[in-house]
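Q: Mind having a look at this structure? Questions to follow.
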Amino acid sequence: MLHQPPPPTGPRASGRLASSRLPSRGGIQKRNTTPARVDKDGDLVMDQAGITGRASGRGRGAAIRGSARTQKSGTSDSLRARTSRPTRTGIDPSAIQKAVLRGMGSSEKSPRGQRSSLRNVRGRGSTRPIDEAWDQITVQGFKQSKAAANPGGGISELIAFLERKATHPDAPETVKIKKSRLEGEALIISVRPEDTPKIERLNNFQFAGATLGIEVSRRKISEPLASNADSETPNTINVLKSVLSRRYSTDAKLLDLSQLGTDPELVNIGMFSTTSRESKFFPALMKICDSIFTTAHAKEEAIVSVSLANNALTTIASVTTLSQTFPALKNLDLSNNQLKNLTALEGWRWKFRKLDQIILTGNPIETEVPTYKDDIVKWYPTLTTLNTIQIRSLEDARAAVKHKLPIPILGPSFRDEAAISETFVKHFFPAYDGDRTALVNGYYDAQSTFSISINLSAPHIAETTSQKPPGWEAYLRKSRNLTKITHPPSRMSRLYTGAESIKDGLATLPVTRHPDIMAEPQKWCVECHTIPGLPDPTGQSSSGVGGLMVMLHGEFAEVDVSTGQSTAIRSFDRTFVLGPGGGVGGIRVACDTLVLRQYGGHDAWRPEVEDSASDPTAQAHHQINVPAGFALSAPGKTEEQVQKEVLAVELSKATGMTLEFSGLCLEQCGWNLEGAAASFGQAKATLPAEAFVTS
Amino acid sequence: MGDFNAIAQQFTEFYYNTFDQDRKNLAALYRDNSMLTFETSAIQGVAGIIEKLTSLPFKTVAHKVSTLDAQPSNESGGILVMVTGALLVDEEQRPMNYTQVFQLLPDGSGSYFVFNDAFRLIY
């Protein structure tokens, strides 16, 4: 339903509408390919203009169209001539087309589906018989009139003039111009056939000091419309398909849409002879691409690169549908066009989220907006290559995507006092996973509060499997999200106050397993601050006592008690207020707020490393098989030897080298880990395969 | 103590509206013993806090609160407020998630001030 026009409310209504729009249309005439024009002029569909030949003599494209096919009877001949043309150069388009369809991973496509989809693109064809009933008339010469200097180019004045002059004073009905559109120097108007002679009479009339030339485009009204659509639509589709197949390289996964304007096959069918056809061409082409691929994945697989070089594009408006059809495009060539500024590219800002390379050389933007590269890099965060020059590595680009936050991610701020929080956190979560009742008894008292809320809108890691994310049934009735829970009794009943109430609340939550904070510290983000002025439950200190606020972010698995299997993994944020008290370690939990959300991984708090490449420890750790006893002290082993083994394990983990090679490398560097890592970096490429641990 | 929820909610709305409109005006919410922890930088005192907030590297920001939870934090009327939500800055289209914890204390004249404010981006 791309270009379905609104249904006409009647010939008169649409006539008025058309003429009332005229001034603005005149104003945009130079831009030729604005999408709005496609819709407005949708009745001038490709096939009609092409096949029926009624457009002959219509502006600048007349000669090409005329030679391509002027009569209905000539259609099949010219079609044959056209399809045979590439054969002369040794290429069989149908074979290529089959090949490309194979290459694109498409097997059987319903021709009906394609046809109807193109018909949507083309516009009305047989769906708007009323359009078929209109005659098209070319009006020329008005550009020399005084009115041409008016706002809107004098078009509205011209239309009013024609309507006025064509209407006989005694006629019951006035002549109305249904539609009009500019093509170069000419204005193409549509009128009812009975009005055609009346307009034709106006040939050589004087309009604001200029002589009008009026020419009627004769057409075969008697032509059966159905056969028109049936014979023409597949033809246009076939031409476009042939173009696609000819311009598709299976090996390079490249769709080369450069220099479309001189493509003989497209020129032959008059694709660029009128602005309205031209503006429909690219969306139609994309529509066909869409119909060829069944899934986005297939499309992504088949077409990695698109070239739109040498197309004289002043803006991407006419080809903007590319970003809808190929959103995952990696390489885009826009070189040698007429793109002047970033506005001309604006439509593709934030599009092509996987774009790796873009070429903009040979565009005026290079000289007119010298800083355009900075913006382009910002627009396409995954971009590594601009104008065939590498601007950053893939890793940097990835890092940039991740680190595009305006506020840099920093490490946790942990300001503990006497390791109170540290001890608490280390003890709390294993106990929480084990025996919550004992835990509550140990830390919470009658004044403690606990509540839980669920954040359903937090970003999360995309599901890798089709498995549905775990539901929240077990938590929903307890969720105390005050933005959602507004009823005061519900708010209060969901706040657990006192150890007994908290025990009951926690007991009904699913059994959990938190990752071991010592073994997997990267999965945790723990922050701690001191807060003075906590009330002293013993009442001894009237000014309050010092406390700690502990904020944790992490994840846990829900565990099925009967099987011990993890059933779901979730992320959480949790804040404790700790104060001195009678619990374990002399502390009490004053407040405990827990927020749960869908699993979001733990990259969120990984600090941004300035240069991860130079820091071997920041790289992924390699799995090293450490022999039993290695790097551990044992009777008869010197402390120095243990230290060396520890270093070797470290280096192996960082580099992936075997322990033996790590030892050799360290020995050469005087057992300096950093030096060894650096020399590994230099020698990496020259090292033999056996230097590395086989994974 | 039933109204701490309402206070927390009013506060949160007011805080983020003010933050999103002109964060200088947040000065009214802090006192000289107030503490802000923004990621890792810890600041005490209203002047330093406002300086920190206004120096954040974005011009426009919009907060969207996803969860809000509040508990009374002490008998003298303190309120612990935990907020998780998303913020959109400048032209960035992807929201960044954050958690923010406030401790509100009564200032003696019937209103509250922010005693503790700990902010952290989580995505």
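Letters A, B, ... go to the chains of the structure tokens in the order shown; residues in each chain start at 1; ligands are counted from 1 in the same order.
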Show me a table, sorted first by chain and then by increasing residue number, of the residues of chain B having an atom at most 10 Å from chain A, each with its shortest atom pair and the distance in Å to one decimal, counting only C-alpha atoms and written as CSV.
A:
residue,atom,partner,partner_atom,distance
B:Met1,CA,A:Met492,CA,9.8
B:Gly2,CA,A:Met492,CA,7.4
B:Asp3,CA,A:Pro488,CA,8.8
B:Asn5,CA,A:Leu482,CA,7.4
B:Ala6,CA,A:Leu482,CA,8.8
B:Ala8,CA,A:Leu482,CA,8.8
B:Gln9,CA,A:Leu482,CA,7.2
B:Met35,CA,A:Ile531,CA,9.0
B:Thr37,CA,A:Ser413,CA,8.4
B:Phe38,CA,A:Ser413,CA,9.4
B:Glu39,CA,A:Leu410,CA,6.4
B:Thr40,CA,A:Ser413,CA,4.9
B:Ser41,CA,A:Ser413,CA,7.8
B:Ala42,CA,A:Ser413,CA,8.5
B:Leu56,CA,A:Ile407,CA,7.4
B:Pro57,CA,A:Pro406,CA,6.2
B:Phe58,CA,A:Pro406,CA,6.9
B:Val65,CA,A:Thr483,CA,7.8
B:Ser66,CA,A:Asn455,CA,5.8
B:Thr67,CA,A:Asn481,CA,5.0
B:Leu68,CA,A:Leu482,CA,5.1
B:Asp69,CA,A:Asn481,CA,5.6
B:Ala70,CA,A:Leu482,CA,7.9
B:Gln71,CA,A:Thr449,CA,6.8
B:Pro72,CA,A:Thr449,CA,7.8
B:Ser73,CA,A:Cys591,CA,6.4
B:Asn74,CA,A:Pro535,CA,5.9
B:Glu75,CA,A:Pro535,CA,6.9
B:Ser76,CA,A:Pro535,CA,7.9
B:Gly78,CA,A:Leu534,CA,9.2
B:Ile79,CA,A:Cys591,CA,9.9
B:Leu80,CA,A:Cys591,CA,7.8
B:Val81,CA,A:Thr593,CA,8.7
B:Met82,CA,A:Thr593,CA,7.1
B:Val83,CA,A:Val595,CA,8.9
B:Thr84,CA,A:Asn455,CA,7.3
B:Gly85,CA,A:Ala458,CA,7.3
B:Ala86,CA,A:Ala458,CA,7.6
B:Val89,CA,A:Pro406,CA,7.9
B:Asp90,CA,A:Pro406,CA,9.2
B:Glu92,CA,A:Leu405,CA,8.6
B:Gln93,CA,A:Trp350,CA,8.7
B:Arg94,CA,A:Leu405,CA,9.5
B:Pro95,CA,A:Pro459,CA,8.6
B:Met96,CA,A:Leu405,CA,7.7
B:Asn97,CA,A:Ala458,CA,6.7
B:Tyr98,CA,A:Ala458,CA,9.1
B:Thr99,CA,A:Asp573,CA,7.7
B:Gln100,CA,A:Met551,CA,9.6
B:Val101,CA,A:Thr575,CA,7.8
B:Gln103,CA,A:Ile531,CA,9.5
B:Phe115,CA,A:Ile531,CA,8.9
B:Asn116,CA,A:Ile531,CA,7.7
B:Ala118,CA,A:Met551,CA,8.7
B:Phe119,CA,A:Met551,CA,9.9
B:Arg120,CA,A:Trp605,CA,8.8
B:Leu121,CA,A:Ala604,CA,7.3
B:Ile122,CA,A:Ala604,CA,5.1
B:Tyr123,CA,A:Ala604,CA,4.7
Q: Using backbone DSSP assignments, extract all helix (DSSP H, G or I) residues from chain B; output them as a PyMOL selection string.
A: chain B and resi 4-21+23-29+46-54
Q: Please extract the residues of segment 485-605 of chain A with a backbone DSSP assignment of strand (DSSP E) and present them as a PyMOL selection string.
A: chain A and resi 496-497+512-513+525-534+545-559+566-580+587-598
Q: Write out as a ChimeraX atom specification each polymer residue whose atoms come within 10 Å of Asn17 of chain B, counting only C-alpha atoms; drop sequence neighbours fewer than 3 positions from it.
A: /B:11-14,20-23,26,62-64
Q: Can you write out the residues you just picked, keeping N, CA and C atoms, as an mmCIF file, in the first residue's frame?
A:
data_model
loop_
_atom_site.group_PDB
_atom_site.id
_atom_site.type_symbol
_atom_site.label_atom_id
_atom_site.label_comp_id
_atom_site.auth_asym_id
_atom_site.auth_seq_id
_atom_site.Cartn_x
_atom_site.Cartn_y
_atom_site.Cartn_z
ATOM 1 N N PHE B 11 8.811 14.236 45.774
ATOM 2 C CA PHE B 11 10.206 14.639 45.676
ATOM 3 C C PHE B 11 10.800 14.198 44.347
ATOM 4 N N THR B 12 10.560 12.930 44.007
ATOM 5 C CA THR B 12 11.152 12.393 42.789
ATOM 6 C C THR B 12 10.691 13.176 41.572
ATOM 7 N N GLU B 13 9.386 13.425 41.529
ATOM 8 C CA GLU B 13 8.876 14.195 40.398
ATOM 9 C C GLU B 13 9.515 15.567 40.334
ATOM 10 N N PHE B 14 9.555 16.214 41.502
ATOM 11 C CA PHE B 14 10.108 17.562 41.536
ATOM 12 C C PHE B 14 11.590 17.552 41.163
ATOM 13 N N ASP B 20 15.694 18.204 34.750
ATOM 14 C CA ASP B 20 15.560 18.227 33.302
ATOM 15 C C ASP B 20 15.390 19.639 32.771
ATOM 16 N N GLN B 21 14.809 20.513 33.594
ATOM 17 C CA GLN B 21 14.608 21.880 33.109
ATOM 18 C C GLN B 21 15.859 22.723 33.312
ATOM 19 N N ASP B 22 16.264 22.858 34.538
ATOM 20 C CA ASP B 22 17.459 23.648 34.795
ATOM 21 C C ASP B 22 18.065 23.128 36.095
ATOM 22 N N ARG B 23 19.130 22.363 35.973
ATOM 23 C CA ARG B 23 19.592 21.657 37.158
ATOM 24 C C ARG B 23 20.258 22.567 38.183
ATOM 25 N N LEU B 26 18.370 22.882 41.421
ATOM 26 C CA LEU B 26 18.373 21.806 42.408
ATOM 27 C C LEU B 26 19.058 22.253 43.699
ATOM 28 N N ALA B 62 16.520 14.161 29.839
ATOM 29 C CA ALA B 62 15.162 13.815 30.264
ATOM 30 C C ALA B 62 15.224 12.516 31.050
ATOM 31 N N HIS B 63 14.706 12.549 32.255
ATOM 32 C CA HIS B 63 14.670 11.346 33.087
ATOM 33 C C HIS B 63 13.309 10.672 32.934
ATOM 34 N N LYS B 64 13.350 9.377 32.941
ATOM 35 C CA LYS B 64 12.097 8.630 32.977
ATOM 36 C C LYS B 64 12.224 7.617 34.102
#
Q: Considering only C-alpha atoms, can you say which of A:Ala419, A:Leu548, A:Ala519, A:Leu187 comes closest to Gly585 of chain A?
A: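 Checking each of A:Ala419, A:Leu548, A:Ala519, A:Leu187 against Gly585 of chain A, counting only C-alpha atoms, the winner is A:Ala419.
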Q: Report, in Å to a single decimal, how far apart atom CA of Gln259 of chain A and atom CA of Asn337 of chain A are.
A: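 Atom-to-atom, atom CA of Asn337 of chain A and atom CA of Gln259 of chain A are spaced 9.9 Å apart.
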Q: With a distance cut-off of 12 Å and only C-alpha atoms, select the neighbouring residues of Gly45 of chain B, excluding the residue or stretch itself and same-chain residues fewer than 6 positions from it, and output the selection as a count of residues only.
A: 17
Q: Mind giving me the straight-line distance from atom CA of Tyr112 of chain B to atom CA of Arg415 of chain A in Å, one decimal?
A: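 If I compute the distance from atom CA of Tyr112 of chain B to atom CA of Arg415 of chain A, I get 26.0 Å.
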Q: Can you work out which one of A:Ile316, A:Ala654, A:Leu659, A:Leu506 has the shortest atom-to-atom distance to Phe680 of chain A, counting only C-alpha atoms?
A: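 The closest residue to Phe680 of chain A is A:Ala654.
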Q: If you count only C-alpha atoms, which residues fall within 9 Å of segment 384-398 of chain A, apart from same-chain ones fewer than 5 positions away, as JSON, numbers by chain?
A: {"A": [333, 335, 355, 356, 357, 358, 359, 360, 361, 373, 376, 377, 403]}
Q: Residues as selected, N, CA and C atoms, written as a CSV table (one decimal), in the first residue's frame, can you do that?
A:
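File written: selection10.csv
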chain,number,residue,atom,x,y,z
A,333,ASP,N,28.5,3.0,-0.8
A,333,ASP,CA,29.3,3.8,-1.7
A,333,ASP,C,28.4,4.9,-2.2
A,335,SER,N,29.9,7.7,-3.6
A,335,SER,CA,30.9,8.6,-4.2
A,335,SER,C,30.4,9.2,-5.5
A,355,LEU,N,26.7,-0.2,9.8
A,355,LEU,CA,27.5,0.3,8.7
A,355,LEU,C,29.0,0.3,9.1
A,356,ASP,N,29.8,-0.3,8.2
A,356,ASP,CA,31.2,-0.4,8.5
A,356,ASP,C,32.0,0.6,7.7
A,357,GLN,N,31.5,0.8,6.5
A,357,GLN,CA,32.3,1.7,5.6
A,357,GLN,C,31.4,2.5,4.8
A,358,ILE,N,31.7,3.8,4.6
A,358,ILE,CA,31.0,4.7,3.7
A,358,ILE,C,31.9,5.5,2.9
A,359,ILE,N,31.6,5.7,1.6
A,359,ILE,CA,32.4,6.5,0.7
A,359,ILE,C,31.7,7.7,0.3
A,360,LEU,N,32.2,8.8,0.5
A,360,LEU,CA,31.5,10.1,0.1
A,360,LEU,C,32.5,10.9,-0.7
A,361,THR,N,33.5,10.4,-1.2
A,361,THR,CA,34.4,11.2,-2.1
A,361,THR,C,33.7,11.6,-3.3
A,373,LYS,N,33.2,14.8,8.2
A,373,LYS,CA,33.6,13.4,8.7
A,373,LYS,C,33.3,13.2,10.1
A,376,ILE,N,29.7,12.3,10.4
A,376,ILE,CA,29.4,11.0,9.9
A,376,ILE,C,29.9,9.9,10.9
A,377,VAL,N,31.0,10.1,11.5
A,377,VAL,CA,31.5,9.1,12.4
A,377,VAL,C,30.6,9.0,13.6
A,403,HIS,N,30.8,2.6,24.6
A,403,HIS,CA,31.2,3.7,25.4
A,403,HIS,C,30.6,5.1,24.9
